[in-house]
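Undergrad: So that you have it, the file is entry_6.tsv, and it contains TSV, C-alpha atoms:
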```tsv
chain	number	residue	atom	x	y	z
A	21	MET	CA	-16.11	47.79	124.00
A	22	LYS	CA	-12.63	49.24	124.49
A	23	ASN	CA	-11.18	45.71	124.54
A	24	ILE	CA	-12.84	44.90	121.24
A	25	VAL	CA	-11.38	48.06	119.68
A	26	ARG	CA	-7.89	47.20	120.97
A	27	ILE	CA	-8.12	43.69	119.50
A	28	LEU	CA	-9.19	45.04	116.11
A	29	ILE	CA	-6.28	47.50	116.12
A	30	VAL	CA	-3.77	44.69	116.93
A	31	VAL	CA	-5.18	42.49	114.16
A	32	PHE	CA	-5.04	45.38	111.70
A	33	LEU	CA	-1.42	46.16	112.62
A	34	ALA	CA	-0.41	42.50	112.32
A	35	LEU	CA	-1.94	42.29	108.85
A	36	PHE	CA	-0.25	45.57	107.88
A	37	VAL	CA	3.21	44.39	109.04
A	38	SER	CA	2.68	41.04	107.36
A	39	CYS	CA	1.95	42.75	104.06
A	40	GLU	CA	4.96	45.02	104.43
A	41	ARG	CA	7.31	42.08	105.02
A	42	ASN	CA	6.03	39.71	102.32
A	43	ASP	CA	6.02	41.71	99.08
A	44	GLU	CA	8.17	38.96	97.46
A	45	VAL	CA	6.31	35.96	98.83
A	46	VAL	CA	5.78	33.07	96.41
A	47	PHE	CA	2.54	31.36	97.36
A	48	VAL	CA	2.54	27.60	97.04
A	49	GLU	CA	-0.23	25.09	97.48
A	50	ASP	CA	-0.75	23.16	100.69
A	51	GLY	CA	1.31	20.04	101.36
A	52	VAL	CA	5.03	19.28	101.05
A	53	LYS	CA	6.72	17.79	98.00
A	54	GLU	CA	10.39	17.58	96.94
A	55	PRO	CA	11.50	18.99	93.57
A	56	THR	CA	11.02	16.49	90.74
A	57	ILE	CA	13.52	16.33	87.86
A	58	VAL	CA	11.77	16.04	84.48
A	59	THR	CA	14.88	16.01	82.23
A	60	ALA	CA	15.77	12.58	80.86
A	61	ASN	CA	19.05	10.81	81.62
A	62	GLU	CA	21.62	11.44	78.87
A	63	ARG	CA	24.91	10.30	77.37
A	64	ILE	CA	27.18	13.25	76.51
A	65	VAL	CA	30.50	13.40	74.69
A	66	LEU	CA	31.98	16.78	75.58
A	67	ASN	CA	33.96	18.57	72.88
A	68	LYS	CA	36.39	21.38	73.66
A	69	ALA	CA	35.72	22.95	70.26
A	70	PHE	CA	32.23	23.86	71.50
A	71	ALA	CA	33.28	24.95	74.98
A	72	GLU	CA	30.83	27.88	75.18
A	73	ASN	CA	27.82	25.96	73.87
A	74	THR	CA	25.19	24.62	76.27
A	75	ALA	CA	25.96	21.05	77.30
A	76	VAL	CA	23.18	20.27	79.78
A	77	THR	CA	19.95	21.92	80.88
A	78	LEU	CA	18.39	20.36	83.95
A	79	VAL	CA	14.66	21.03	84.48
A	80	TRP	CA	12.54	20.15	87.51
A	81	GLU	CA	9.09	20.72	88.94
A	82	ASP	CA	9.02	23.15	91.86
A	83	ALA	CA	9.23	21.91	95.40
A	84	VAL	CA	6.05	22.43	97.41
A	85	TYR	CA	6.00	23.64	101.01
A	86	ASP	CA	3.07	24.11	103.39
A	87	ILE	CA	4.14	27.67	104.11
A	88	SER	CA	4.21	30.76	101.92
A	89	THR	CA	7.84	31.54	101.28
A	90	PRO	CA	10.42	31.96	98.50
A	91	VAL	CA	12.06	28.68	97.49
A	92	SER	CA	15.71	28.37	96.39
A	93	TYR	CA	17.57	25.46	94.81
A	94	VAL	CA	21.10	24.09	94.68
A	95	ILE	CA	22.20	21.43	92.22
A	96	GLU	CA	24.62	18.79	93.49
A	97	LEU	CA	26.89	16.58	91.38
A	98	ALA	CA	28.86	13.48	92.37
A	99	ALA	CA	30.48	10.51	90.68
A	100	SER	CA	27.96	7.69	90.31
A	101	GLY	CA	28.21	5.05	93.00
A	102	THR	CA	29.44	7.44	95.69
A	103	SER	CA	25.97	8.12	97.12
A	104	PHE	CA	26.79	11.85	97.20
A	105	ALA	CA	29.31	11.28	99.99
A	106	GLU	CA	31.27	14.32	98.77
A	107	PRO	CA	29.00	16.23	96.38
A	108	SER	CA	29.98	19.38	94.52
A	109	ILE	CA	27.53	22.25	94.32
A	110	VAL	CA	27.42	23.06	90.61
A	111	GLY	CA	24.54	25.53	90.52
A	112	GLU	CA	22.29	27.77	92.62
A	113	THR	CA	19.04	29.35	91.44
A	114	SER	CA	15.51	30.37	92.33
A	115	GLU	CA	14.27	29.16	88.92
A	116	ARG	CA	13.25	25.59	88.11
A	117	PHE	CA	15.98	24.98	85.54
A	118	TYR	CA	19.75	25.36	85.27
A	119	SER	CA	22.18	25.17	82.33
A	120	TRP	CA	25.91	24.49	82.02
A	121	SER	CA	28.20	25.23	79.11
A	122	VAL	CA	30.39	22.47	77.73
A	123	LYS	CA	33.40	23.91	79.59
A	124	GLU	CA	31.50	24.32	82.88
A	125	PHE	CA	30.17	20.77	82.77
A	126	ASN	CA	33.55	19.37	81.75
A	127	ASP	CA	35.21	21.15	84.69
A	128	ALA	CA	32.51	19.83	87.03
A	129	VAL	CA	32.85	16.17	86.05
A	130	ILE	CA	36.68	16.32	86.04
A	131	ASN	CA	36.49	17.79	89.53
A	132	ALA	CA	34.22	14.89	90.52
A	133	GLY	CA	36.95	12.43	89.56
A	134	LEU	CA	36.14	11.48	85.97
A	135	LYS	CA	39.15	10.88	83.73
A	136	PRO	CA	39.56	12.62	80.37
A	137	ASP	CA	38.59	10.60	77.28
A	138	GLU	CA	37.06	7.83	79.42
A	139	GLU	CA	33.33	7.21	79.67
A	140	ALA	CA	31.91	7.30	83.19
A	141	ALA	CA	28.75	8.38	84.98
A	142	VAL	CA	27.84	11.25	87.28
A	143	ASP	CA	24.72	11.82	89.36
A	144	LEU	CA	22.84	15.10	89.57
A	145	ARG	CA	20.16	16.03	92.08
A	146	VAL	CA	18.29	19.17	93.17
A	147	VAL	CA	17.97	20.28	96.78
A	148	SER	CA	15.35	22.91	97.65
A	149	SER	CA	15.26	25.05	100.76
A	150	VAL	CA	13.44	28.05	102.21
A	151	GLY	CA	14.50	31.15	104.08
A	152	VAL	CA	17.83	32.90	104.38
A	153	ASP	CA	19.24	30.01	106.42
A	154	ASN	CA	18.37	27.36	103.81
A	155	GLY	CA	15.91	25.57	106.04
A	156	ILE	CA	13.60	22.60	105.38
A	157	ALA	CA	15.77	20.97	102.71
A	158	LEU	CA	13.98	18.65	100.29
A	159	THR	CA	15.98	16.49	97.86
A	160	SER	CA	14.92	15.32	94.41
A	161	GLY	CA	15.58	11.98	92.83
A	162	VAL	CA	18.80	11.42	90.89
A	163	ASN	CA	19.51	11.99	87.22
A	164	VAL	CA	22.39	9.99	85.76
A	165	TYR	CA	24.58	11.38	82.98
A	166	THR	CA	27.06	9.18	81.16
A	167	VAL	CA	29.87	11.52	80.15
A	168	VAL	CA	33.09	11.44	78.14
A	169	PRO	CA	35.05	14.56	79.24
A	170	TYR	CA	37.97	16.08	77.39
A	171	PRO	CA	41.33	16.90	79.02
A	172	ASN	CA	41.33	20.28	80.68
A	173	GLU	CA	44.08	22.66	79.67
A	174	ALA	CA	46.60	22.51	82.47
A	175	PRO	CA	46.63	25.66	84.58
A	176	LYS	CA	50.00	27.39	84.51
A	177	LEU	CA	52.38	28.72	87.14
A	178	PHE	CA	55.71	30.47	86.71
A	179	LEU	CA	58.85	31.17	88.73
A	180	VAL	CA	60.29	34.65	88.81
A	181	GLY	CA	63.38	35.79	90.69
A	182	ALA	CA	67.12	36.38	90.77
A	183	PHE	CA	67.79	32.87	89.39
A	184	GLN	CA	66.46	33.87	85.94
A	185	ALA	CA	69.87	35.31	85.14
A	186	TYR	CA	71.31	31.76	85.15
A	187	TYR	CA	68.84	30.69	82.45
A	188	GLY	CA	69.38	33.42	79.87
A	189	LYS	CA	66.64	35.67	81.24
A	190	SER	CA	66.58	39.00	83.05
A	191	ALA	CA	66.48	38.64	86.83
A	192	TRP	CA	63.18	39.52	88.47
A	193	THR	CA	61.48	40.18	85.13
A	194	PRO	CA	57.94	38.72	85.30
A	195	THR	CA	57.39	38.82	81.53
A	196	GLU	CA	60.36	36.42	81.24
A	197	ALA	CA	59.28	34.15	84.10
A	198	ILE	CA	59.93	30.43	83.56
A	199	GLU	CA	57.01	28.00	83.46
A	200	MET	CA	56.93	25.19	86.04
A	201	ASN	CA	55.94	21.57	85.34
A	202	TYR	CA	52.27	20.87	86.04
A	203	LEU	CA	51.65	17.88	88.33
A	204	GLY	CA	47.91	18.27	88.93
A	205	ASP	CA	45.00	16.26	87.56
A	206	GLY	CA	43.16	19.07	85.78
A	207	SER	CA	41.27	20.18	88.87
A	208	THR	CA	44.27	20.70	91.18
A	209	GLN	CA	47.17	23.17	91.04
A	210	VAL	CA	50.41	21.40	91.90
A	211	TYR	CA	53.71	22.23	90.18
A	212	GLU	CA	57.44	21.46	90.28
A	213	ALA	CA	60.76	22.80	89.02
A	214	TYR	CA	64.48	22.01	89.28
A	215	VAL	CA	66.46	25.20	89.74
A	216	LYS	CA	69.92	26.40	90.78
A	217	LEU	CA	69.90	29.10	93.43
A	218	GLY	CA	72.61	31.28	94.91
A	219	ASN	CA	72.88	32.04	98.63
A	220	ASP	CA	70.42	34.94	98.56
A	221	ASP	CA	68.50	34.21	95.35
A	222	GLY	CA	64.90	34.87	96.31
A	223	PHE	CA	62.00	33.97	94.04
A	224	LYS	CA	58.21	33.99	93.86
A	225	PHE	CA	55.44	32.05	92.11
A	226	ILE	CA	53.27	33.98	89.64
A	227	SER	CA	50.20	33.05	87.60
A	228	ALA	CA	51.42	34.30	84.21
A	229	ALA	CA	54.49	35.58	82.40
A	230	ALA	CA	53.10	39.11	82.50
A	231	ASP	CA	53.59	42.50	84.10
A	232	TRP	CA	53.23	42.66	87.87
A	233	SER	CA	50.24	45.00	87.58
A	234	VAL	CA	48.02	42.47	85.77
A	235	LEU	CA	48.85	39.30	87.71
A	236	ASP	CA	46.02	37.44	89.45
A	237	GLY	CA	48.50	35.30	91.35
A	238	ASN	CA	51.60	36.69	93.07
A	239	TYR	CA	52.64	34.13	95.67
A	240	GLY	CA	55.37	34.58	98.25
A	241	THR	CA	56.00	34.18	101.94
A	242	ASP	CA	54.12	36.04	104.66
A	243	GLY	CA	56.57	38.53	106.14
A	244	GLY	CA	59.58	36.55	104.92
A	245	ALA	CA	58.86	33.43	107.01
A	246	GLN	CA	60.51	30.46	105.29
A	247	ASN	CA	58.02	27.96	106.72
A	248	GLY	CA	56.56	26.28	103.66
A	249	VAL	CA	53.50	28.55	103.55
A	250	ILE	CA	52.73	31.17	100.90
A	251	VAL	CA	50.16	33.93	100.47
A	252	ASN	CA	48.73	35.51	97.34
A	253	SER	CA	49.64	39.16	97.71
A	254	GLY	CA	51.64	41.77	95.88
A	255	GLY	CA	53.16	42.57	99.24
A	256	SER	CA	54.33	39.02	99.92
A	257	SER	CA	58.04	38.37	100.47
A	258	ASP	CA	60.50	36.15	98.60
A	259	VAL	CA	61.00	32.44	99.07
A	260	LYS	CA	64.73	31.94	99.73
A	261	PRO	CA	67.11	28.96	99.78
A	262	SER	CA	69.09	27.93	102.84
A	263	ALA	CA	72.36	27.90	100.87
A	264	GLU	CA	73.77	27.93	97.36
A	265	GLY	CA	72.93	24.79	95.42
A	266	PHE	CA	70.61	22.88	93.14
A	267	TYR	CA	67.01	22.68	94.36
A	268	TYR	CA	63.77	20.86	93.77
A	269	VAL	CA	60.74	23.05	94.40
A	270	LYS	CA	57.18	21.81	94.63
A	271	VAL	CA	54.20	24.10	95.21
A	272	ASP	CA	50.53	23.42	95.91
A	273	ILE	CA	48.51	26.53	95.08
A	274	ASP	CA	45.24	24.99	96.30
A	275	ASN	CA	46.66	24.67	99.80
A	276	LEU	CA	49.16	27.57	99.55
A	277	THR	CA	52.14	25.43	100.54
A	278	TYR	CA	55.56	24.77	99.04
A	279	GLN	CA	58.62	22.55	99.56
A	280	LEU	CA	62.15	23.61	98.67
A	281	ILE	CA	64.76	20.84	98.91
A	282	LYS	CA	68.48	21.12	98.17
A	283	MET	CA	69.20	18.03	96.06
A	284	ASP	CA	72.11	15.68	96.79
A	285	TRP	CA	72.82	13.36	93.86
A	286	GLY	CA	75.06	10.31	93.80
A	287	ILE	CA	75.73	7.06	91.97
A	288	ILE	CA	74.47	3.75	93.31
A	289	GLY	CA	74.56	0.12	92.19
A	290	SER	CA	76.60	-3.04	92.07
A	291	ALA	CA	79.29	-1.31	89.98
A	292	THR	CA	79.86	1.37	92.66
A	293	ALA	CA	81.88	1.33	95.87
A	294	ASN	CA	78.83	1.12	98.15
A	295	GLY	CA	76.82	-1.29	96.03
A	296	TRP	CA	73.04	-0.91	96.27
A	297	ASP	CA	73.22	0.00	99.97
A	298	ARG	CA	73.82	3.72	99.62
A	299	GLU	CA	74.88	6.41	97.18
A	300	THR	CA	78.41	7.53	96.48
A	301	SER	CA	78.02	11.30	96.57
A	302	MET	CA	78.71	13.45	93.52
A	303	THR	CA	79.98	17.03	93.72
A	304	TYR	CA	77.81	19.89	92.51
A	305	ASP	CA	79.41	22.63	90.40
A	306	PHE	CA	77.36	25.81	90.53
A	307	GLU	CA	78.84	27.40	87.42
A	308	SER	CA	78.04	24.49	85.10
A	309	ASN	CA	74.93	23.47	87.04
A	310	SER	CA	75.99	19.82	87.07
A	311	PHE	CA	77.02	17.01	89.38
A	312	ALA	CA	80.24	15.09	88.74
A	313	ILE	CA	82.49	12.40	90.15
A	314	THR	CA	85.60	10.52	89.05
A	315	GLU	CA	85.26	7.00	90.39
A	316	THR	CA	86.63	3.51	90.05
A	317	LEU	CA	83.85	1.13	89.04
A	318	VAL	CA	83.68	-2.65	88.97
A	319	VAL	CA	81.70	-5.00	86.78
A	320	GLY	CA	78.02	-4.39	87.36
A	321	GLU	CA	75.17	-1.90	87.04
A	322	MET	CA	74.39	1.58	88.36
A	323	LYS	CA	71.96	4.46	88.51
A	324	PHE	CA	71.91	8.06	89.67
A	325	ARG	CA	69.81	8.77	92.75
A	326	SER	CA	68.79	11.62	95.08
A	327	LYS	CA	67.59	9.76	98.15
A	328	ASN	CA	67.34	12.84	100.35
A	329	THR	CA	64.86	14.49	97.97
A	330	GLY	CA	62.58	11.49	97.82
A	331	ASN	CA	62.47	11.21	101.60
A	332	GLU	CA	61.94	14.91	102.23
A	333	ILE	CA	59.24	15.39	99.60
A	334	PHE	CA	57.33	12.13	99.95
A	335	GLY	CA	58.32	10.90	103.40
A	336	SER	CA	60.70	8.37	104.92
A	337	GLY	CA	61.27	5.25	102.82
A	338	GLU	CA	60.73	6.93	99.45
A	339	ASP	CA	64.41	6.53	98.51
A	340	TRP	CA	63.84	5.96	94.80
A	341	LYS	CA	61.37	8.72	93.92
A	342	PHE	CA	64.19	10.70	92.30
A	343	ASN	CA	66.55	8.65	90.16
A	344	VAL	CA	67.91	8.64	86.63
A	345	GLY	CA	68.32	5.47	84.61
A	346	ASN	CA	69.44	4.53	81.14
A	347	SER	CA	66.73	6.10	78.95
A	348	GLY	CA	68.85	8.33	76.71
A	349	ASP	CA	67.14	11.48	75.49
A	350	GLU	CA	64.03	10.60	77.52
A	351	ALA	CA	65.84	10.63	80.87
A	352	VAL	CA	64.19	12.64	83.65
A	353	ALA	CA	65.00	13.18	87.32
A	354	ILE	CA	61.75	11.76	88.70
A	355	ASP	CA	61.35	7.97	88.88
A	356	THR	CA	59.88	6.45	85.71
A	357	GLY	CA	61.11	2.90	86.19
A	358	ASP	CA	64.00	3.26	83.74
A	359	ASP	CA	66.54	0.47	83.35
A	360	ASN	CA	69.92	0.57	85.07
A	361	PHE	CA	73.13	1.42	83.25
A	362	MET	CA	74.35	-2.13	82.61
A	363	GLY	CA	77.46	-3.86	81.28
A	364	ILE	CA	79.89	-1.59	83.10
A	365	LEU	CA	83.49	-2.85	82.93
A	366	PRO	CA	86.18	-2.37	85.62
A	367	GLY	CA	88.10	0.90	85.46
A	368	ASP	CA	88.18	4.60	86.25
A	369	TYR	CA	85.30	6.72	84.98
A	370	ASP	CA	84.36	10.38	84.65
A	371	ILE	CA	80.68	10.54	85.49
A	372	SER	CA	78.38	13.57	85.28
A	373	LEU	CA	74.71	14.45	85.61
A	374	SER	CA	72.93	17.69	84.71
A	375	ILE	CA	69.23	18.44	85.13
A	376	ASP	CA	67.28	21.14	83.31
A	377	PHE	CA	64.67	23.43	84.88
A	378	ASP	CA	61.91	21.02	83.76
A	379	GLY	CA	63.66	17.89	85.10
A	380	LYS	CA	65.16	16.58	81.87
A	381	ALA	CA	68.41	14.78	82.72
A	382	VAL	CA	71.63	14.40	80.72
A	383	THR	CA	74.19	11.80	81.84
A	384	GLU	CA	77.74	10.94	80.86
A	385	ILE	CA	79.67	7.83	81.95
A	386	THR	CA	83.09	7.90	80.28
A	387	LYS	CA	85.82	5.31	80.85
A	388	LYS	CA	89.22	7.00	81.20
```
Now, as a test, write the supplied structure out as C-alpha cells.
TA:
Amino acid sequence: MKNIVRILIVVFLALFVSCERNDEVVFVEDGVKEPTIVTANERIVLNKAFAENTAVTLVWEDAVYDISTPVSYVIELAASGTSFAEPSIVGETSERFYSWSVKEFNDAVINAGLKPDEEAAVDLRVVSSVGVDNGIALTSGVNVYTVVPYPNEAPKLFLVGAFQAYYGKSAWTPTEAIEMNYLGDGSTQVYEAYVKLGNDDGFKFISAAADWSVLDGNYGTDGGAQNGVIVNSGGSSDVKPSAEGFYYVKVDIDNLTYQLIKMDWGIIGSATANGWDRETSMTYDFESNSFAITETLVVGEMKFRSKNTGNEIFGSGEDWKFNVGNSGDEAVAIDTGDDNFMGILPGDYDISLSIDFDGKAVTEITKK
C-alpha cells in the first residue's frame, strides 16, 4: 500500500512540474511536416520613393512536430541558382508570416549580389525549429522573386585630422571632416582618399561630418599600433604616416582594416629616358602638393605612373593600377584605361602632376 501511495505522489509531482514548465506550450497535432509557403511567386520593381512601404509579405502554413513545443522560424534569402550555398537570414519570427519594407528588401537583394536597375531572381525559404537551441530544423519549399532593385545610397565615411589645415579646413574639426571616395558595391564599406600628410599628422576615420559626441563611427588604431587594423572607439588612437609626403589611404570598415601608402609618381613611356621599362621619378613638393620634373624627352609617348602604390595595395605585378593618361578634365589617379600622351617632340620639358583629395589629376607637359 505504501508503494502505491509513493507512486501516486511521484506521478502527481511530475504532472505538477510539467504544468509549471509548459505555460507557453503550443500544442500541435501528431506527425511531422515542414512549413509550407502559400504566397505566390512575384515580380517586383523596387522604388526608392516608396522605401517605407511594404514590398513583400511572405505567408506560410505552420510546421508540424510530433512533440508539444513552441516553434520558431527564420527566413533565408539567396540569389537564384546558388542552392542557398551562402544564404542570408532576412527575418526571424514565431508567427507564420513576415513582411519587408521596400528599403529592407532592396538591401537584402543587393546584399545577395543583385545589381541595381537589373532584373534578377532571388529565392526565399522558411526554416522552422524548436527549443532554445533551434533543434529539429524543417525547411520549406522555395519561393522565387524576380526583382529589379534600385541603387542604394552609398554609405559615407570621412577623414578628420591635422591634415585638414592643408585643405582650407580647421585641423581636427569633425564638422569640417572631408568625405572619402566610396569604393563599395552598396553592401560593403570600402573607401579611399589621396592626402598630403606631415611627419606627425595623425588622422582618424569618422562616420559623419558631425560633433564627436554624436558619431556612431570613430575609427582609429588600438593603442597607437600602426599595423593596418582599426577599432571603433572614442578612445582609439590616431593613424599616422611614416614620413612627410603624399599618401593613398584605403579603408575597409567591414573588416576594420586600412592601408596607408606613400605614393611615388614618375613618368614612363617611349618618350622618357627609361622607356616603358621603369619610371623616371618625379620630385614631390609638399607646399604645392604636386610632383614635378624637368626632363629631356624624345619622340614618343608617355604616362604618369605610381608603380609602388599599385603593388602595395593590390599585390605584386599590379604596376599599372595607379596611372594618369591623356583624358583632360576627366583625368584621375586610378587606372581607367586612358590613352597615352602622344606626339611628343624632342626637347626639354617642365612636367607636373597634382592630385586632389578625391583622386582627380591635373597634368602639365610644357616644352621649354
Undergrad: List the spatial neighbours of Glu299 in chain A as an mmCIF file with C-alpha atoms, in the coordinates of the input - criterion: any atom at most 7 Å away, only C-alpha atoms, same-chain residues fewer than 5 positions off excluded.
TA:
```
data_model
loop_
_atom_site.group_PDB
_atom_site.id
_atom_site.type_symbol
_atom_site.label_atom_id
_atom_site.label_comp_id
_atom_site.auth_asym_id
_atom_site.auth_seq_id
_atom_site.Cartn_x
_atom_site.Cartn_y
_atom_site.Cartn_z
ATOM 1 C CA GLY A 286 75.060 10.310 93.800
ATOM 2 C CA ILE A 287 75.730 7.060 91.970
ATOM 3 C CA ILE A 288 74.470 3.750 93.310
ATOM 4 C CA ASN A 294 78.830 1.120 98.150
#
```
Undergrad: Using all atoms listed in the file, what residues lie at most 8 Å away from (25.9, 14.7, 86.1) (file coordinates), given as a ChimeraX atom specification?
TA: /A:97-99,129,141-144,163-167
Undergrad: Dump as a list in words all residues having an atom at most 10 Å from (38.9, 12.2, 76.8), computed in the file's coordinates with all atoms listed in the file.
TA: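 The distance filter leaves exactly Val65, Leu66, Asn67, Leu134, Lys135, Pro136, Asp137, Glu138, Glu139, Val167, Val168, Pro169, Tyr170, Pro171 and Asn172 of chain A.
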Undergrad: How many Å separate CA of Leu158 in chain A from CA of Thr102 in chain A?
TA: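 Interatomic distance here is 19.6 Å.
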Undergrad: Give me, as a tab-separated table, each residue of range 135-212 of chain A that comes within 7 Å of range 250-271 of chain A, together with its shortest interatomic pair and the distance in Å at one decimal, counting only C-alpha atoms, with rows ordered by chain and rising residue number.
TA:
```
residue	atom	partner	partner_atom	distance
A:Val210	CA	A:Val271	CA	5.7
A:Tyr211	CA	A:Val271	CA	5.4
A:Glu212	CA	A:Lys270	CA	4.4
```
Undergrad: Rounded to one decimal place, report the CA of Val382 in chain A-CA of Asp284 in chain A distance in Å.
TA: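 Interatomic distance, CA of Val382 in chain A to CA of Asp284 in chain A: 16.1 Å.
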Undergrad: Using all atoms listed in the file, pick whichever of A:Thr56, A:Asn126, A:Asn360, A:Thr300 has the shortest atom-to-atom distance to Glu72 in chain A.
TA: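 Answer, going by the shortest atom-to-atom distance: A:Asn126.
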Undergrad: What does the distance between CA of Gln209 in chain A and CA of Ala132 in chain A come to in Å, to one decimal place?
TA: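 Answer for the CA of Gln209 in chain A to CA of Ala132 in chain A separation: 15.4 Å.
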Undergrad: So that each row is one residue of range 99-144 of chain A with an atom at most 9 Å from range 202-206 of chain A, can you give its shortest atom pair and the distance in Å to one decimal, using all atoms listed in the file, rows by chain and rising number, as JSON lines?
TA:
```
{"residue": "A:Asp127", "atom": "CA", "partner": "A:Gly206", "partner_atom": "CA", "distance": 8.3}
{"residue": "A:Ile130", "atom": "CA", "partner": "A:Gly206", "partner_atom": "CA", "distance": 7.0}
{"residue": "A:Asn131", "atom": "CA", "partner": "A:Gly206", "partner_atom": "CA", "distance": 7.8}
{"residue": "A:Lys135", "atom": "CA", "partner": "A:Asp205", "partner_atom": "CA", "distance": 8.8}
```
Undergrad: Report as a list in words all protein, DNA and RNA residues lying within 7 Å of range 175-192 of chain A, evaluated on only C-alpha atoms, omitting residues in the same chain fewer than 5 positions from it.
TA: Ala197, Ile198, Glu199, Met200, Gln209, Lys216, Leu217, Asp221, Gly222, Phe223, Lys224, Phe225, Ile226, Ser227, Ala228 and Ala229 of chain A
Undergrad: Restricting the calculation to only C-alpha atoms: of A:Ala213, A:Ala245, A:Leu276, A:Ile375, which residue gets closest to Tyr304 in chain A?
TA: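 Of A:Ala213, A:Ala245, A:Leu276, A:Ile375, the one nearest Tyr304 in chain A, counting only C-alpha atoms, is A:Ile375.
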Undergrad: Using all atoms listed in the file, which of the listed residues (A:Ser114, A:Val249, A:Asn219, A:Gly295) sits closest to Thr277 in chain A?
TA: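 Ranking A:Ser114, A:Val249, A:Asn219, A:Gly295 by distance to Thr277 in chain A, first place goes to A:Val249.
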Undergrad: Go through A:Ser207, A:Ser347, A:Ser326, A:Thr113 and flag the residue nearest Val91 in chain A, using only C-alpha atoms for the distances.
TA: A:Thr113
Undergrad: What's around range 310-312 of chain A at 6 Å? Count all atoms listed in the file, leave out sequence neighbours fewer than 3 positions away in its own chain, and write the answer as a PyMOL selection string.
TA: chain A and resi 302-305+371-374
Undergrad: Produce a table with one row for each residue of range 285-330 of chain A that has an atom at most 10 Å from any atom of range 351-356 of chain A, each row naming the nearest atom pair and its distance in Å at one decimal; use only C-alpha atoms; arrange rows by chain and rising residue number; format as CSV.
TA:
```
residue,atom,partner,partner_atom,distance
A:Phe324,CA,A:Ala353,CA,8.9
A:Arg325,CA,A:Ala353,CA,8.5
A:Ser326,CA,A:Ala353,CA,8.8
A:Gly330,CA,A:Ile354,CA,9.2
```
Undergrad: Can I get the selected residues back with C-alpha atoms, as a PDB file, in the frame of the given file?
TA:
```pdb
ATOM      1  CA  PHE A 324      71.910   8.060  89.670  1.00  0.00           C
ATOM      2  CA  ARG A 325      69.810   8.770  92.750  1.00  0.00           C
ATOM      3  CA  SER A 326      68.790  11.620  95.080  1.00  0.00           C
ATOM      4  CA  GLY A 330      62.580  11.490  97.820  1.00  0.00           C
TER       5      GLY A 330
END
```
Undergrad: Please determine an axis-aligned box that encloses all atoms of range 97-102 of chain A listed in the file, with 5 Å added on each side, and express its centre and edge lengths in Å to one decimal as AutoDock Vina command-line options.
TA:
```
--center_x 28.7 --center_y 10.8 --center_z 93.0 --size_x 13.6 --size_y 21.5 --size_z 15.4
```
Undergrad: So that I can see what lies close to Glu332 in chain A, please list as an mmCIF file with C-alpha atoms, keeping the file's coordinate frame the residues with an atom at most 9 Å from it, counting only C-alpha atoms and leaving out residues fewer than 4 positions away in the same chain.
TA:
```
data_model
loop_
_atom_site.group_PDB
_atom_site.id
_atom_site.type_symbol
_atom_site.label_atom_id
_atom_site.label_comp_id
_atom_site.auth_asym_id
_atom_site.auth_seq_id
_atom_site.Cartn_x
_atom_site.Cartn_y
_atom_site.Cartn_z
ATOM 1 C CA GLN A 279 58.620 22.550 99.560
ATOM 2 C CA ILE A 281 64.760 20.840 98.910
ATOM 3 C CA LYS A 327 67.590 9.760 98.150
ATOM 4 C CA ASN A 328 67.340 12.840 100.350
ATOM 5 C CA SER A 336 60.700 8.370 104.920
ATOM 6 C CA GLU A 338 60.730 6.930 99.450
#
```
Undergrad: Counting only C-alpha atoms, figure out which residue out of A:Ile313, A:Ala291, A:Ile87, A:Ile273 gets nearest to Glu384 in chain A.
TA: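 Among A:Ile313, A:Ala291, A:Ile87, A:Ile273, it is A:Ile313 that comes nearest to Glu384 in chain A.
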